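First the structure, in the form of structure tokens, and then the observations on it.
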Amino acid sequence: MASEVNLAQLRALIAVADTGGFGAAADDLGITQSAVSHAVAALERTLGAPVLHRGSPARPTPLGEQILPHARTAVASASAVRTIATRHSGGLTGTVRLAAPTTVCQVLLPGLLRDWAAAHPQVTVRIFEGEDAELAVWLEAGTVDAAVLVDAGPLPPGAVSLGADSMHALLRQDHPLAEQESIHVADLDDDDFLLSEGGCERHIREAYRRAGTRFTPRHRIRDLNTLIGMVHAGVGVSVIPALARTMIPAGCVLVPIRPAVHRTLTLTGPAGRPWSPAVSGLLAAMPSAAVSSAALSSAPTSSAPAAEVLSEA
């Protein structure tokens, strides 16, 4: 190798791989596109081989794919060293990449972001919206530093429970069942069912399994806002988390389902590597820190409104 690999080169590689382009990577890093290009080119000269396929989108080469996990670890470790030094002198600083499901991004995160900004103004939190199954993968791969996980398994020390969120039927307000206190899932069979593929499918299937009723969705919709709009337009009915209540337009209602099914929400850092000091600092300041698996297993299974259930966190 002609020279040593440096952190600026690794940051450029990570940013291009994550954003899919040199221009977007430059915006992400706060530098010029030319600087990103030069950093990646210098890295490739040092390694003696390309690390990125130039295209739209730009993507890592096989060598780049092998390097990325180590690059993320190196950059995260350097950031942790700086953060530890800052904390030693009395402050908390750094950037936290936080992933969460759509409903959590819409409803819970705005309040958390305000609280964190007031308590730790030198910490920058960047939000990554994803589907339930993606979040744990991103977290353990180092793509993000923290995540709100759905129905997490064994939790590392410092994880914070955000509560339990029950499943509700989504109907038009003029639907014959809209005035019911609760709806058995079998009673939805007369309507076309719109299934959200954003992560709640297993909870919906669990409700139908418990009811002993066959589940036959007519439409599969990836985007939650699209699904809500289609129900509003009279295309069919659906089952979604109660936390989505604030996303529901006038003319639609949420009604608790029977059998009751809920999901648990947990804010945590990675289980397989040390947390960055910024993540540890943000979560340590929250109530109910270091929640155990036993505590989560006692989360409410009733159909109480999301705001009431989640206020217990």
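Residues are named by chain letter and number: chains run A, B, ... in the order of the structure tokens, numbers start at 1 in each chain, and ligands are numbered from 1 in the order shown.
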
Tell me, which residues of range 97-142 of chain A carry DSSP strand (DSSP E), written as a compact mmCIF listing (two decimals) with all heavy atoms, in the first residue's frame?
# COMPACT_ATOMS: atom_id res chain seq x y z
N ARG A 97 -27.30 7.73 15.00
CA ARG A 97 -28.18 7.30 13.91
C ARG A 97 -29.21 6.35 14.51
O ARG A 97 -28.87 5.28 15.00
CB ARG A 97 -27.37 6.62 12.81
CG ARG A 97 -26.31 7.51 12.16
CD ARG A 97 -25.29 6.69 11.40
NE ARG A 97 -24.58 5.78 12.30
CZ ARG A 97 -23.75 4.84 11.89
NH1 ARG A 97 -23.53 4.66 10.60
NH2 ARG A 97 -23.13 4.06 12.77
N LEU A 98 -30.48 6.78 14.47
CA LEU A 98 -31.55 6.05 15.14
C LEU A 98 -32.57 5.55 14.13
O LEU A 98 -33.12 6.34 13.35
CB LEU A 98 -32.23 6.97 16.16
CG LEU A 98 -33.49 6.46 16.84
CD1 LEU A 98 -33.20 5.19 17.65
CD2 LEU A 98 -34.09 7.54 17.74
N ALA A 99 -32.84 4.24 14.14
CA ALA A 99 -33.82 3.64 13.24
C ALA A 99 -35.09 3.30 14.00
O ALA A 99 -35.05 2.92 15.17
CB ALA A 99 -33.25 2.38 12.59
N ALA A 100 -36.24 3.43 13.31
CA ALA A 100 -37.52 3.15 13.96
C ALA A 100 -38.58 2.86 12.91
O ALA A 100 -38.46 3.28 11.75
CB ALA A 100 -37.95 4.34 14.83
N VAL A 123 -25.60 16.88 20.86
CA VAL A 123 -25.81 15.57 20.25
C VAL A 123 -26.77 15.72 19.07
O VAL A 123 -27.85 16.28 19.21
CB VAL A 123 -26.38 14.55 21.25
CG1 VAL A 123 -26.70 13.23 20.55
CG2 VAL A 123 -25.39 14.32 22.39
N THR A 124 -26.35 15.23 17.92
CA THR A 124 -27.20 15.24 16.72
C THR A 124 -27.81 13.85 16.54
O THR A 124 -27.10 12.86 16.53
CB THR A 124 -26.39 15.61 15.47
OG1 THR A 124 -25.83 16.91 15.64
CG2 THR A 124 -27.26 15.58 14.22
N VAL A 125 -29.14 13.79 16.40
CA VAL A 125 -29.83 12.53 16.18
C VAL A 125 -30.37 12.52 14.75
O VAL A 125 -31.10 13.42 14.35
CB VAL A 125 -30.98 12.31 17.17
CG1 VAL A 125 -31.68 10.97 16.90
CG2 VAL A 125 -30.46 12.35 18.61
N ARG A 126 -29.98 11.51 13.98
CA ARG A 126 -30.44 11.34 12.61
C ARG A 126 -31.38 10.14 12.55
O ARG A 126 -31.03 9.06 13.02
CB ARG A 126 -29.27 11.15 11.65
CG ARG A 126 -28.32 12.33 11.59
CD ARG A 126 -27.11 12.03 10.72
NE ARG A 126 -27.53 11.59 9.39
CZ ARG A 126 -26.82 10.77 8.63
NH1 ARG A 126 -25.67 10.29 9.05
NH2 ARG A 126 -27.26 10.43 7.43
N ILE A 127 -32.56 10.33 11.94
CA ILE A 127 -33.59 9.31 11.94
C ILE A 127 -33.56 8.51 10.63
O ILE A 127 -33.48 9.08 9.55
CB ILE A 127 -34.99 9.93 12.12
CG1 ILE A 127 -35.03 10.74 13.42
CG2 ILE A 127 -36.07 8.86 12.12
CD1 ILE A 127 -34.72 9.94 14.66
N PHE A 128 -33.66 7.19 10.77
CA PHE A 128 -33.77 6.28 9.63
C PHE A 128 -35.07 5.50 9.79
O PHE A 128 -35.21 4.73 10.74
CB PHE A 128 -32.59 5.32 9.57
CG PHE A 128 -31.27 5.97 9.25
CD1 PHE A 128 -30.59 6.70 10.22
CD2 PHE A 128 -30.72 5.87 7.99
CE1 PHE A 128 -29.38 7.31 9.92
CE2 PHE A 128 -29.51 6.47 7.68
CZ PHE A 128 -28.84 7.20 8.65
N GLU A 129 -36.03 5.70 8.89
CA GLU A 129 -37.30 4.99 8.95
C GLU A 129 -37.18 3.64 8.26
O GLU A 129 -36.63 3.56 7.14
CB GLU A 129 -38.39 5.82 8.28
CG GLU A 129 -39.77 5.19 8.30
CD GLU A 129 -40.79 6.05 7.57
OE1 GLU A 129 -40.46 7.22 7.27
OE2 GLU A 129 -41.89 5.55 7.27

Residues within 8 Å of Pro259 in chain A, please, as a ChimeraX atom specification. Count only C-alpha atoms; anything in the same chain fewer than 2 positions from it doesn't count. /A:184-185,207-208,210-211,257,261

What is the CA of Asp145 in chain A-CA of Leu68 in chain A distance in Å, reported with one decimal?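 Computing it gives 15.1 Å between the two atoms.
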
For the contact check between range 46-134 of chain A and range 220-229 of chain A, emit one row per residue of range 46-134 of chain A within 10 Å, containing the shortest atom pair and the distance in Å rounded to one decimal, counting only C-alpha atoms, chain then rising number order, as JSON lines.
{"residue": "A:Thr102", "atom": "CA", "partner": "A:Leu224", "partner_atom": "CA", "distance": 7.9}
{"residue": "A:Thr103", "atom": "CA", "partner": "A:Leu224", "partner_atom": "CA", "distance": 8.8}
{"residue": "A:Glu131", "atom": "CA", "partner": "A:Arg222", "partner_atom": "CA", "distance": 9.5}

List as a tab-separated table every residue of range 222-261 of chain A that is in contact with range 150-172 of chain A, defined as an atom at most 8 Å from one of its atoms (using only C-alpha atoms), together with the nearest atom pair and the distance in Å rounded to one decimal, sorted by chain and then rising number.
residue	atom	partner	partner_atom	distance
A:Ile228	CA	A:Leu170	CA	7.9
A:Val231	CA	A:Leu171	CA	6.6
A:His232	CA	A:Arg172	CA	5.8
A:Gly234	CA	A:Arg172	CA	6.9
A:Gly236	CA	A:Leu171	CA	7.9
A:Val237	CA	A:Leu171	CA	5.4
A:Ser238	CA	A:Leu170	CA	5.1
A:Val239	CA	A:Ala169	CA	4.3
A:Ile240	CA	A:Met167	CA	5.5
A:Pro241	CA	A:Met167	CA	4.5
A:Ala242	CA	A:Ser166	CA	5.7
A:Leu243	CA	A:Asp165	CA	6.4
A:Gly251	CA	A:Arg172	CA	5.9
A:Cys252	CA	A:Arg172	CA	4.2
A:Val253	CA	A:Leu171	CA	5.5
A:Leu254	CA	A:Leu170	CA	4.8
A:Val255	CA	A:Ala169	CA	5.1
A:Pro256	CA	A:His168	CA	4.4
A:Ile257	CA	A:His168	CA	5.4
A:Ala260	CA	A:Met167	CA	7.1
A:Val261	CA	A:Met167	CA	5.8

With all heavy atoms kept, could you save the residues just selected as a short mmCIF file (atom, residue, chain, number, x, y, z; two decimals), in the first residue's frame?
data_model
loop_
_atom_site.label_atom_id
_atom_site.label_comp_id
_atom_site.auth_asym_id
_atom_site.auth_seq_id
_atom_site.Cartn_x
_atom_site.Cartn_y
_atom_site.Cartn_z
N ILE A 228 -53.78 3.47 4.38
CA ILE A 228 -54.80 4.29 5.05
C ILE A 228 -55.64 5.03 4.02
O ILE A 228 -56.88 5.11 4.14
CB ILE A 228 -54.13 5.27 6.03
CG1 ILE A 228 -53.49 4.50 7.20
CG2 ILE A 228 -55.12 6.30 6.55
CD1 ILE A 228 -52.62 5.35 8.10
N VAL A 231 -58.17 2.60 2.43
CA VAL A 231 -59.31 2.33 3.31
C VAL A 231 -60.24 3.54 3.32
O VAL A 231 -61.47 3.40 3.23
CB VAL A 231 -58.83 2.00 4.74
CG1 VAL A 231 -60.02 1.93 5.70
CG2 VAL A 231 -58.06 0.68 4.75
N HIS A 232 -59.68 4.73 3.39
CA HIS A 232 -60.48 5.96 3.38
C HIS A 232 -61.30 6.07 2.10
O HIS A 232 -62.43 6.59 2.10
CB HIS A 232 -59.55 7.17 3.53
CG HIS A 232 -60.28 8.47 3.67
ND1 HIS A 232 -60.41 9.35 2.62
CD2 HIS A 232 -60.91 9.05 4.73
CE1 HIS A 232 -61.09 10.42 3.01
NE2 HIS A 232 -61.41 10.25 4.29
N GLY A 234 -62.56 3.60 0.52
CA GLY A 234 -63.56 2.55 0.46
C GLY A 234 -63.12 1.28 -0.23
O GLY A 234 -63.96 0.43 -0.57
N GLY A 236 -61.34 -1.19 1.06
CA GLY A 236 -61.43 -2.33 1.95
C GLY A 236 -61.19 -1.92 3.38
O GLY A 236 -61.30 -0.74 3.74
N VAL A 237 -60.80 -2.91 4.22
CA VAL A 237 -60.52 -2.67 5.64
C VAL A 237 -59.12 -3.19 5.93
O VAL A 237 -58.51 -3.88 5.12
CB VAL A 237 -61.55 -3.37 6.55
CG1 VAL A 237 -62.96 -2.86 6.25
CG2 VAL A 237 -61.48 -4.89 6.37
N SER A 238 -58.62 -2.89 7.13
CA SER A 238 -57.29 -3.37 7.50
C SER A 238 -57.18 -3.47 9.01
O SER A 238 -58.11 -3.12 9.75
CB SER A 238 -56.21 -2.42 6.96
OG SER A 238 -54.92 -3.00 7.13
N VAL A 239 -56.02 -3.96 9.47
CA VAL A 239 -55.66 -3.98 10.89
C VAL A 239 -54.28 -3.36 11.01
O VAL A 239 -53.35 -3.77 10.32
CB VAL A 239 -55.67 -5.40 11.47
CG1 VAL A 239 -55.09 -5.41 12.88
CG2 VAL A 239 -57.07 -5.98 11.47
N ILE A 240 -54.16 -2.35 11.86
CA ILE A 240 -52.90 -1.62 12.01
C ILE A 240 -52.66 -1.32 13.50
O ILE A 240 -53.57 -1.46 14.32
CB ILE A 240 -52.90 -0.30 11.20
CG1 ILE A 240 -53.98 0.66 11.73
CG2 ILE A 240 -53.11 -0.57 9.72
CD1 ILE A 240 -53.94 2.02 11.04
N PRO A 241 -51.46 -0.88 13.87
CA PRO A 241 -51.20 -0.55 15.29
C PRO A 241 -51.99 0.68 15.74
O PRO A 241 -52.21 1.63 14.97
CB PRO A 241 -49.69 -0.25 15.32
CG PRO A 241 -49.14 -0.83 14.06
CD PRO A 241 -50.23 -0.76 13.06
N ALA A 242 -52.40 0.67 16.99
CA ALA A 242 -53.12 1.82 17.54
C ALA A 242 -52.26 3.07 17.54
O ALA A 242 -52.78 4.18 17.53
CB ALA A 242 -53.60 1.50 18.96
N LEU A 243 -50.95 2.89 17.56
CA LEU A 243 -50.05 4.04 17.56
C LEU A 243 -50.22 4.90 16.31
O LEU A 243 -49.87 6.07 16.31
CB LEU A 243 -48.60 3.56 17.66
CG LEU A 243 -47.53 4.61 18.01
CD1 LEU A 243 -47.83 5.27 19.35
CD2 LEU A 243 -46.16 3.95 18.04
N GLY A 251 -63.12 10.64 8.86
CA GLY A 251 -63.85 9.71 8.00
C GLY A 251 -63.43 8.28 8.18
O GLY A 251 -64.04 7.37 7.61
N CYS A 252 -62.39 8.03 8.99
CA CYS A 252 -61.95 6.67 9.32
C CYS A 252 -61.89 6.52 10.83
O CYS A 252 -61.74 7.51 11.56
CB CYS A 252 -60.59 6.36 8.71
SG CYS A 252 -60.59 6.10 6.92
N VAL A 253 -62.00 5.29 11.30
CA VAL A 253 -61.95 5.02 12.73
C VAL A 253 -61.07 3.79 12.99
O VAL A 253 -60.87 2.95 12.10
CB VAL A 253 -63.34 4.76 13.33
CG1 VAL A 253 -64.21 6.00 13.21
CG2 VAL A 253 -64.02 3.58 12.65
N LEU A 254 -60.54 3.71 14.21
CA LEU A 254 -59.83 2.52 14.69
C LEU A 254 -60.68 1.86 15.76
O LEU A 254 -61.15 2.52 16.68
CB LEU A 254 -58.47 2.90 15.26
CG LEU A 254 -57.38 3.32 14.28
CD1 LEU A 254 -56.10 3.67 15.03
CD2 LEU A 254 -57.10 2.21 13.27
N VAL A 255 -60.86 0.54 15.66
CA VAL A 255 -61.66 -0.22 16.61
C VAL A 255 -60.82 -1.40 17.10
O VAL A 255 -60.23 -2.12 16.28
CB VAL A 255 -62.96 -0.73 15.97
CG1 VAL A 255 -63.80 -1.48 17.00
CG2 VAL A 255 -63.76 0.41 15.36
N PRO A 256 -60.72 -1.62 18.42
CA PRO A 256 -59.94 -2.76 18.93
C PRO A 256 -60.43 -4.09 18.35
O PRO A 256 -61.62 -4.27 18.11
CB PRO A 256 -60.18 -2.70 20.44
CG PRO A 256 -60.55 -1.28 20.72
CD PRO A 256 -61.30 -0.81 19.50
N ILE A 257 -59.49 -5.00 18.11
CA ILE A 257 -59.85 -6.31 17.58
C ILE A 257 -59.85 -7.36 18.67
O ILE A 257 -59.23 -7.20 19.72
CB ILE A 257 -58.91 -6.75 16.43
CG1 ILE A 257 -57.47 -6.91 16.94
CG2 ILE A 257 -59.00 -5.80 15.26
CD1 ILE A 257 -56.53 -7.61 15.96
N ALA A 260 -57.26 -9.99 21.19
CA ALA A 260 -56.35 -8.85 21.31
C ALA A 260 -54.90 -9.30 21.06
O ALA A 260 -54.46 -10.33 21.55
CB ALA A 260 -56.46 -8.24 22.70
N VAL A 261 -54.20 -8.52 20.25
CA VAL A 261 -52.79 -8.78 19.96
C VAL A 261 -52.04 -7.46 20.11
O VAL A 261 -52.54 -6.41 19.70
CB VAL A 261 -52.60 -9.33 18.52
CG1 VAL A 261 -51.12 -9.49 18.20
CG2 VAL A 261 -53.32 -10.66 18.36
#

What does the distance from CA of Ala71 in chain A to CA of Ala17 in chain A come to in Å, to one decimal?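 Taking CA of Ala71 in chain A and CA of Ala17 in chain A, their separation equals 11.3 Å.
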
Leaving out Ser79 in chain A and any residue of its chain fewer than 5 positions from it, which residues lie within 12 Å of it when counting only C-alpha atoms, given as a list of chain:residue names?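 That gives A:Leu7, A:Arg11, A:Arg72, A:Thr73, A:Ala74, A:Ile84, A:Ala85, A:Thr86, A:Leu92, A:Thr93, A:Gly94, A:Thr95, A:Val96, A:Val123, A:Asp145, A:Trp275, A:Ser276, A:Pro277, A:Ala278, A:Val279.
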
Kindly save the residues from that selection, with C-alpha atoms included, as a PDB file, in the first residue's frame.
ATOM      1  CA  LEU A   7     -10.832   7.978   8.758  1.00  0.00           C
ATOM      2  CA  ARG A  11     -16.272   8.028   6.188  1.00  0.00           C
ATOM      3  CA  ARG A  72     -18.050   1.342  10.363  1.00  0.00           C
ATOM      4  CA  THR A  73     -16.324  -0.045  13.456  1.00  0.00           C
ATOM      5  CA  ALA A  74     -13.292   2.192  12.964  1.00  0.00           C
ATOM      6  CA  ILE A  84     -15.616  10.052  25.941  1.00  0.00           C
ATOM      7  CA  ALA A  85     -13.144  12.916  26.028  1.00  0.00           C
ATOM      8  CA  THR A  86     -15.984  15.446  25.828  1.00  0.00           C
ATOM      9  CA  LEU A  92     -22.088  14.925  25.797  1.00  0.00           C
ATOM     10  CA  THR A  93     -21.580  15.216  22.048  1.00  0.00           C
ATOM     11  CA  GLY A  94     -21.683  13.162  18.868  1.00  0.00           C
ATOM     12  CA  THR A  95     -24.116  11.875  16.252  1.00  0.00           C
ATOM     13  CA  VAL A  96     -26.623   9.096  16.882  1.00  0.00           C
ATOM     14  CA  VAL A 123     -25.811  15.573  20.248  1.00  0.00           C
ATOM     15  CA  ASP A 145     -26.293   3.215  16.394  1.00  0.00           C
ATOM     16  CA  TRP A 275     -22.722   1.309  22.621  1.00  0.00           C
ATOM     17  CA  SER A 276     -21.411   4.702  21.656  1.00  0.00           C
ATOM     18  CA  PRO A 277     -21.232   7.082  24.636  1.00  0.00           C
ATOM     19  CA  ALA A 278     -23.834   9.316  22.963  1.00  0.00           C
ATOM     20  CA  VAL A 279     -26.344   6.442  22.764  1.00  0.00           C
TER      21      VAL A 279
END

Using only C-alpha atoms, determine which residues lie at most 12 Å from range 36-48 of chain A, disregarding the query and same-chain residues fewer than 3 positions distant; provide the list as number ranges by chain. A: 1-17, 21-33, 51-54, 58, 60-61, 63-64, 67, 71

Choose the residue, out of A:Gly212, A:Gly142, A:Gly130, A:Pro57, that has the smallest atom-to-atom separation from Ala271 in chain A; count only C-alpha atoms. A:Gly142

Shortest interatomic distance to Trp138 in chain A - which of A:Pro69, A:Leu188, A:Arg214, A:His120, counting only C-alpha atoms: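 Using only C-alpha atoms, Trp138 in chain A sits closest to A:Pro69.
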
DSSP on the backbone, helix (DSSP H, G or I) only: what residues of range 21-210 of chain A does that give? Format it as number ranges by chain. A: 22-29, 33-47, 62-88, 102-107, 109-119, 132-141, 185-188, 201-210

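Taking CA of Ala178 in chain A as the reference point, CA of Thr246 in chain A is found at 17.4 Å.
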